[in-house]
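See structure below.
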Amino acid sequence: MQSVKNKTNRSPEASAFYTAGLILLGIVVVSFIVSLFWTPYEPDATNAASKLLAPCLEHPFGTDNLGRDVLSRVMSASKYTIFISAAGVAIALILGTVAGIPAGYFGGITDRGIMLLGNSIMCFPGILLALVAVAVFGPSVTNVIWALGLVFAPTFARVCRVGTMEIKELDYITHARVMGVKPVRIMTFHIFPNLVGQLLPATVIGLANMTLFESGMSYLGLGVQPPDASFGKMLSEAQAYVRVAPWLVIFPALMLIFYILGLYFISEGLRVNLSKGGK
Amino acid sequence: MPRHIHIVKVHHLTLSFPTRKDPNPKPILDDVDFGIRDGEILGLIGNSGCGKTMTSLAIAGLLPEAASITSGSIKFAGENLLEMKPKARRAMLGKDIGMIFQEPSTALDPLMTCGKQLEEVLTAHKDNQLTPEQRHKTITEMLETVGFTNAEEICGRYPHQLSGGQRQRVLIAGAALLKPRLLICDEPTSSLDTVTTVSILALLKDLCHKLHMTILFISHDLSAVRGFCDRVMVMKDGKIIDKDTASEILSHPKNTYTAELLTNARLDTRILGLEPANADYSKSPVLTAKDITAGYGRSLFERGSKKSGDNNILHDVSLEVFPNEILGLIGGSGSGKTTLIRSLLGLLPHSGTVNIKSTSVGAIFQDPVSCLNPAHTIRWHMEEALRASGKAKTINGTGSRSERKARTLARIIAVLEECGLGEKYLSRHPKELSGGQRQRVAIAMCLIQEPALIIADEPFSSLDASSSAELLKLMTDINRELGTAFLLITHNIHIVRQICPRVLVMDHGKICEEGITTEVLTAPKSECASALLEAERKIHGI
């Protein structure tokens with residue numbers, strides 16, 4: 001969670017964004033890593049004797065209506081949030097790149113076909129599409145990941161397509177074609193490395209957006225299934241107790257905010273850095 | 001001694017780009033001290049990266065954020081520019097100081113008509129005192145002044161409907177609209193062909209007298225400076241090392257560096273040691289192209305119907321390149337040179353036949369910035385070229401993996417050294433190289449494929465005189481020692497005269513003249529060839 005050392009000539013503005021982003025993100029990531037080995041209590045263990053306890057020394061974040069320790073649940077919930085958003089973005093990134101680069105490179109009918117598919121996905125409200133997919137295939141973590149990956153793929157495909165269209169006009173691509181390099185090799189080794197700069201901020205923003213989607217779906221009961229914890233699920237369960245036990249809402253919400261804000265800060269830092277340092 | 005009134009006085013200016021790592025770097029401008037006299041045309045010449053553009057940006061107040069002026073002052077008509085408030089300085093820009101940039105293709109907004117863009121110049125500065133009709137009148141008058149006979153029509157056109165020379169004229173009109181006292185021209189002609197260059201220079205000189213403007217003319221084209229400037233300053237490594245009247249400095253240079261620049265610009269074959277091989281016309285040609293017809297701009301829907309007009313840029317072009325030959329191809333902008341080589345390289349669908357007697361043709365392009373992939377090292381580039389040629393196996397032979405790797409590396413280093421680059425360049429990225437070095441890498445990538453023919457599309461036009469001289473020497477060396485044939489496309493007739501035994505002249509998508517260089521260039525038969533020669537004669541003041 002330490003801020004990245006200034007190896008390059010980074011602007012102070014970007015450094016501030018990176019530091020803030022990494023600290024916020026670090027809180028969530030550290031709690032995730034710790035939760036893999038140790039949580040103060042068993043996250044799913046109920047205890048009828050200590051229901052709805054306010055934050056105290058034994059339970060720093062309090063307990064919920066079934067007497068489960070909120071700190072332990074928050075820690076284990078971060079696991080799902082990070083896993084689902086990372087896996088979902090990975091799927092979206094792979095699908096998007098594999099579809100977007102050929103679309104931009106070949107143009108014409110390939111482009112039209114791929115973009116028609118992408119645009120049809122994009123013209124539905126994303127969460128609705130994900131909900132339908134989960135409703136059809138059944139609520140499970142794997143299905144949520146696949147659904148979110150599909151919904152987000154067109155965004156990455158567009159970034160790749162536009163970048164490819166710009167790059168393929170440059171002399172070094174023409175040169176590669178003249179040398180007789182095969183199209184697949186041109187796309188993977190000549191074009192893709194040059195797209196990384198554009199894909200990086202999009203990936204970070206994608207992670208944040210995907211987390212929001214996942215929370216929304218869990219909130220509606222279609223994501224992570226009980227007894228496992230996720231931020232959205234915890235918020236939805238806490239709804240009934242908002243007045244008597246506000247800590248049930250505050251702590252998961254804070255973690256969610258830290259995670260998303262941290263990602264946004266980092267992408268903002270990347271943006272500042274790329275726009276200033278690029279040219 | 002006549003008393004000169006300096007409109008701009010740059011006093012001991014030092015400028016650098018401090019970074020956090022290095023707060024006191026080597027200055028970009030080092031104690032630059034000069035004045036621009038009222039009404040004169042002052043030339044500023046030097047190789048790329050010597051600080052010409054930074055000087056002009058400092059005067060205009062458009063320096064990049066990271067730049068810091070450590071000492072000195074710039075006075076414009078007695079006022080110290082560096083102490084002025086940013087707002088007052090911005091108001092001066094355009095009104096008192098006008099600027100024209102190098103690249104006319106990107107300096108105009110593609111979504112605005114030319115008239116609208118010129119009108120914006122007026123509304124931004126004159127506080128809307130003029131009525132729209134008056135503004136329109138001022139604009140059309142100015143467009144007529146810069147040489148448009150159809151000013152009304154030009155007003156309604158979009159930039160993409162104009163040629164490079166026309167765009168540069170519109171930009172000049174925009175800069176001259178507010179009648180600035182100083183006009184800074186940053187290489188205004190380097191992306192234009194000879195014919196256009198001559199007309200733009202004549203226009204600038206004319207405007208200078210008519211509107212009583214002072215011009216700071218930045219260029220690496222010494223021949224352009226010759227007939228155009230009153231005084232010339234030579235810059236090297238951020239210092240002004242020589243200044244004198246134009247005729248004096250270009251005919252009797254006192255400074256050794258100036259003399260060297262002049263030699264490079266003159267491209268004297270004997271001094272540079274340019275010795276192309278003797279072409280062998282008895283052998284069968286390495287490249288034969290017959291009746292090539294090609295064009296752009298057919299969308300999916302138009303392709304089916306035949307009735308749409310003739311979109312073809314090339315009409316029945318035929319040519320032959322013989323072994324060991326350097327064939328020159330000249331012609332004005334838009335004559336179809338680039339379309340022709342795109343067809344020859346198989347990048348553009350065309351009718352007609354192209355026969356190449358070798359498995360691979362090399363190609364070098366105009367723009368050294370985009371000729372190499374910024375994501376990879378030079379070593380990767382070379383390996384990629386070798387892999388793509390399919391000759392990797394023959395070079396590697398058999399043996400263990402590490403043996404083959406070592407042999408590949410040895411071959412790559414050998415080729416790089418042939419191109420004047422050593423082993424230390426292997427791990428570098430393209431951004432760490434200069435324009436000339438990048439073009440060398442591009443040539444090395446061609447050479448490793450052992451092509452019989454390299455097609456070079458204006459490889460010199462973005463390079464300064466010294467780099468082009470070196471590149472030209474490299475090309476003739478390769479031609480002589482390896483017997484590689486070249487098809488050289490260029491604006492520069494002078495280069496063609498020096499190294500090409502045979503030349504083709506293109507105009508309107510056709511080859512209008514073809515023959516032995518000395519014959520074509522001394523007694524041209526076609527109109528377009530004589531126009532090109534006339535322009536060249538004017539620019540060199542012969």
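Residues in the structure tokens are named by chain (A, B, ... in the order shown) and by number from 1 within that chain; ligands are numbered from 1 in the order shown.
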
Problem set entry | Nearby residues (only C-alpha atoms) at most 7 Å from Pro201 of chain A, same-chain spacing under 6 positions excluded, as a ChimeraX atom specification | /A:267,270-271

For this session: Name all residues at most 12 Å from Pro227 of chain A (count only C-alpha atoms; drop same-chain ones fewer than 6 positions away) and give them as a VMD selection string.
Result: chain A and resid 42 to 46 66 68 73 76 to 77 221 233 to 234 237

Residues as selected, C-alpha atoms, written as a PDB file, in the first residue's frame, can you do that?
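This went into again30.pdb:
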ATOM      1  CA  GLU A  42     -15.848 -16.906  12.126  1.00  0.00           C
ATOM      2  CA  PRO A  43     -17.699 -14.608   9.618  1.00  0.00           C
ATOM      3  CA  ASP A  44     -20.740 -16.901   9.464  1.00  0.00           C
ATOM      4  CA  ALA A  45     -20.850 -17.902  13.146  1.00  0.00           C
ATOM      5  CA  THR A  46     -24.081 -16.711  14.736  1.00  0.00           C
ATOM      6  CA  LEU A  66     -27.821 -12.773  14.125  1.00  0.00           C
ATOM      7  CA  ARG A  68     -22.259 -12.187  13.658  1.00  0.00           C
ATOM      8  CA  ARG A  73     -17.940 -10.134   7.751  1.00  0.00           C
ATOM      9  CA  SER A  76     -14.512 -11.611   4.171  1.00  0.00           C
ATOM     10  CA  ALA A  77     -16.861  -9.543   1.997  1.00  0.00           C
ATOM     11  CA  GLY A 221     -30.229 -10.900  -3.893  1.00  0.00           C
ATOM     12  CA  LYS A 233     -25.679  -8.185   0.568  1.00  0.00           C
ATOM     13  CA  MET A 234     -24.705  -6.728   3.947  1.00  0.00           C
ATOM     14  CA  GLU A 237     -29.682  -7.077   5.159  1.00  0.00           C
TER      15      GLU A 237
END

Proximity check chain B to chain A, 7 Å, nearest pairs one decimal Å, only C-alpha atoms, as a tab-separated table:
residue	atom	partner	partner_atom	distance
B:Thr19	CA	A:Asn9	CA	6.9
B:Arg20	CA	A:Asn9	CA	6.9
B:Leu345	CA	A:Val178	CA	6.5
B:Ser360	CA	A:Met179	CA	7.0
B:Gly362	CA	A:Met179	CA	6.9
B:Ala363	CA	A:His175	CA	6.7
B:Phe365	CA	A:Asp171	CA	6.8
B:Ser370	CA	A:Asp171	CA	5.4
B:Cys371	CA	A:Tyr172	CA	4.5
B:Leu372	CA	A:Tyr172	CA	5.0
B:Asn373	CA	A:Tyr172	CA	5.7
B:Ala375	CA	A:Asn194	CA	5.8
B:Ala385	CA	A:Met179	CA	6.5
B:Ala388	CA	A:Val181	CA	5.1
B:Ser389	CA	A:Met179	CA	6.6

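In this structure, atom CA of Phe61 of chain A sits 7.1 Å away from atom CA of Phe251 of chain A.
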
Exercise. Neighbours of Gly420 of chain B within 9 Å (only C-alpha atoms; same-chain residues fewer than 5 positions away dropped), as an MDAnalysis selection string?
Worked result: chainID B and resid 415 437 440 474

I need the chosen residues saved as a PDB file, in the first residue's frame, with N, CA and C atoms.
ATOM      1  N   VAL B 415      24.347  -5.823 -39.438  1.00  0.00           N
ATOM      2  CA  VAL B 415      23.525  -4.952 -40.291  1.00  0.00           C
ATOM      3  C   VAL B 415      23.430  -3.560 -39.693  1.00  0.00           C
ATOM      4  N   GLN B 437      18.536   8.894 -36.997  1.00  0.00           N
ATOM      5  CA  GLN B 437      18.857   7.544 -36.515  1.00  0.00           C
ATOM      6  C   GLN B 437      17.695   6.593 -36.725  1.00  0.00           C
ATOM      7  N   ARG B 440      17.626   5.437 -40.131  1.00  0.00           N
ATOM      8  CA  ARG B 440      18.666   4.431 -40.315  1.00  0.00           C
ATOM      9  C   ARG B 440      18.188   3.054 -39.869  1.00  0.00           C
ATOM     10  N   LEU B 474      24.570   6.958 -46.758  1.00  0.00           N
ATOM     11  CA  LEU B 474      24.287   5.569 -46.418  1.00  0.00           C
ATOM     12  C   LEU B 474      23.595   4.863 -47.586  1.00  0.00           C
TER      13      LEU B 474
END

For this session: Compare B:Ile412, B:Val146, B:Val503, B:Leu178 by their minimum atom-to-atom distance to Thr123 of chain B, counting only C-alpha atoms, and give me the closest one.
Result: B:Leu178

Exercise. Could you write out, as a ChimeraX atom specification, all the residues of segment 316-502 of chain B that DSSP marks as helix (DSSP H, G or I)?
Worked result: /B:337-344,378-389,392-396,401-418,423-425,430-432,435-447,465-482,493-499

Do you know which residues are at most 9 Å from segment 430-435 of chain B counting only C-alpha atoms, after dropping those on the same chain fewer than 6 positions away, and could you put them as a PDB file with C-alpha atoms, in the first residue's frame?
ATOM      1  CA  SER B  48      17.034  19.938 -35.483  1.00  0.00           C
ATOM      2  CA  ASP B 367       7.883  10.459 -41.201  1.00  0.00           C
ATOM      3  CA  PRO B 368      10.709   9.437 -38.865  1.00  0.00           C
ATOM      4  CA  VAL B 369       8.411   9.832 -35.849  1.00  0.00           C
ATOM      5  CA  LEU B 372       9.230   2.641 -35.625  1.00  0.00           C
ATOM      6  CA  ASN B 373       6.944   1.024 -33.063  1.00  0.00           C
ATOM      7  CA  PRO B 374       7.258   3.003 -29.809  1.00  0.00           C
ATOM      8  CA  ALA B 375       6.459  -0.054 -27.680  1.00  0.00           C
ATOM      9  CA  HIS B 376       9.514  -2.080 -28.676  1.00  0.00           C
ATOM     10  CA  THR B 377      13.299  -1.913 -28.669  1.00  0.00           C
ATOM     11  CA  ILE B 378      15.490  -1.692 -31.743  1.00  0.00           C
ATOM     12  CA  SER B 462      11.590  15.775 -42.343  1.00  0.00           C
ATOM     13  CA  LEU B 463      15.317  15.675 -41.717  1.00  0.00           C
ATOM     14  CA  SER B 467      21.007  14.127 -41.242  1.00  0.00           C
TER      15      SER B 467
END

Exercise. Where does DSSP see strand (DSSP E) in segment 59-151 of chain B, if you list the residues as an NGL selection string?
Worked result: :B and (68-76 or 79-80 or 97-100)

Problem set entry | Val28 of chain A surroundings by only C-alpha atoms, 9 Å radius, close-in-sequence under 4 positions cut, as a ChimeraX atom specification | /A:24,32-33,75,78,82,255-256,258-259

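Residues with any atom within 8 Å of segment 529-540 of chain B, counting only C-alpha atoms and excluding same-chain neighbours fewer than 6 positions away, are Thr194, Val195, Val198, Ser223, Ala224, Arg226, Gly227, Gly331, Gly332, Ile493, Val505, Glu513, Val520 and Leu521 of chain B.
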
Atoms kept (N, CA and C atoms) for selection, written as an mmCIF file, in the first residue's frame:
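Generated file (again.cif):
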data_model
loop_
_atom_site.group_PDB
_atom_site.id
_atom_site.type_symbol
_atom_site.label_atom_id
_atom_site.label_comp_id
_atom_site.auth_asym_id
_atom_site.auth_seq_id
_atom_site.Cartn_x
_atom_site.Cartn_y
_atom_site.Cartn_z
ATOM 1 N N THR B 194 8.403 22.018 -53.973
ATOM 2 C CA THR B 194 9.209 23.160 -54.407
ATOM 3 C C THR B 194 8.379 24.271 -55.034
ATOM 4 N N VAL B 195 7.441 23.898 -55.895
ATOM 5 C CA VAL B 195 6.652 24.909 -56.593
ATOM 6 C C VAL B 195 5.881 25.740 -55.579
ATOM 7 N N VAL B 198 8.108 28.110 -53.378
ATOM 8 C CA VAL B 198 8.495 29.353 -54.028
ATOM 9 C C VAL B 198 7.374 30.368 -53.943
ATOM 10 N N SER B 223 18.457 26.699 -48.668
ATOM 11 C CA SER B 223 18.197 27.307 -49.969
ATOM 12 C C SER B 223 17.021 28.268 -49.892
ATOM 13 N N ALA B 224 16.060 27.979 -48.980
ATOM 14 C CA ALA B 224 14.916 28.869 -48.844
ATOM 15 C C ALA B 224 15.362 30.198 -48.247
ATOM 16 N N ARG B 226 18.211 31.662 -48.573
ATOM 17 C CA ARG B 226 19.115 32.412 -49.449
ATOM 18 C C ARG B 226 18.483 33.642 -50.100
ATOM 19 N N GLY B 227 17.411 33.434 -50.828
ATOM 20 C CA GLY B 227 16.863 34.548 -51.563
ATOM 21 C C GLY B 227 15.863 35.365 -50.757
ATOM 22 N N GLY B 331 7.941 15.031 -58.794
ATOM 23 C CA GLY B 331 6.624 15.536 -59.162
ATOM 24 C C GLY B 331 6.085 16.381 -58.034
ATOM 25 N N GLY B 332 5.154 17.287 -58.344
ATOM 26 C CA GLY B 332 4.586 18.162 -57.318
ATOM 27 C C GLY B 332 3.720 17.389 -56.349
ATOM 28 N N ILE B 493 14.921 18.086 -56.206
ATOM 29 C CA ILE B 493 15.481 17.788 -57.522
ATOM 30 C C ILE B 493 17.000 17.727 -57.455
ATOM 31 N N VAL B 505 9.261 11.683 -64.113
ATOM 32 C CA VAL B 505 8.523 12.846 -63.649
ATOM 33 C C VAL B 505 7.045 12.518 -63.697
ATOM 34 N N GLU B 513 7.260 12.323 -68.058
ATOM 35 C CA GLU B 513 8.575 12.324 -68.694
ATOM 36 C C GLU B 513 9.456 11.253 -68.043
ATOM 37 N N VAL B 520 16.877 15.011 -68.896
ATOM 38 C CA VAL B 520 15.564 15.503 -68.462
ATOM 39 C C VAL B 520 15.718 16.831 -67.742
ATOM 40 N N LEU B 521 16.747 16.956 -66.908
ATOM 41 C CA LEU B 521 16.859 18.141 -66.080
ATOM 42 C C LEU B 521 17.514 19.324 -66.787
#

Seminar exercise, completed: Trp38 of chain A proximity check over A:Asn65, A:Thr142, A:Ser72, A:Gln225, using only C-alpha atoms: winner is A:Ser72

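Take atom CA of Ala175 of chain B and atom CA of Ile36 of chain B: the distance between them is 18.7 Å.
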
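Put simply, atom CA of Thr19 of chain A is 27.4 Å away from atom CA of Ala92 of chain A.
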
Problem set entry | Contacts of Glu248 of chain B within 12 Å, only C-alpha atoms, excl. fewer than 5 positions in-chain, as a list in words | Arg226, Gly227, Cys229, Asp230, Arg231, Val232, Met233, Asp242, Lys243, Pro253, Lys254, Asn255, Thr258 and Ala259 of chain B
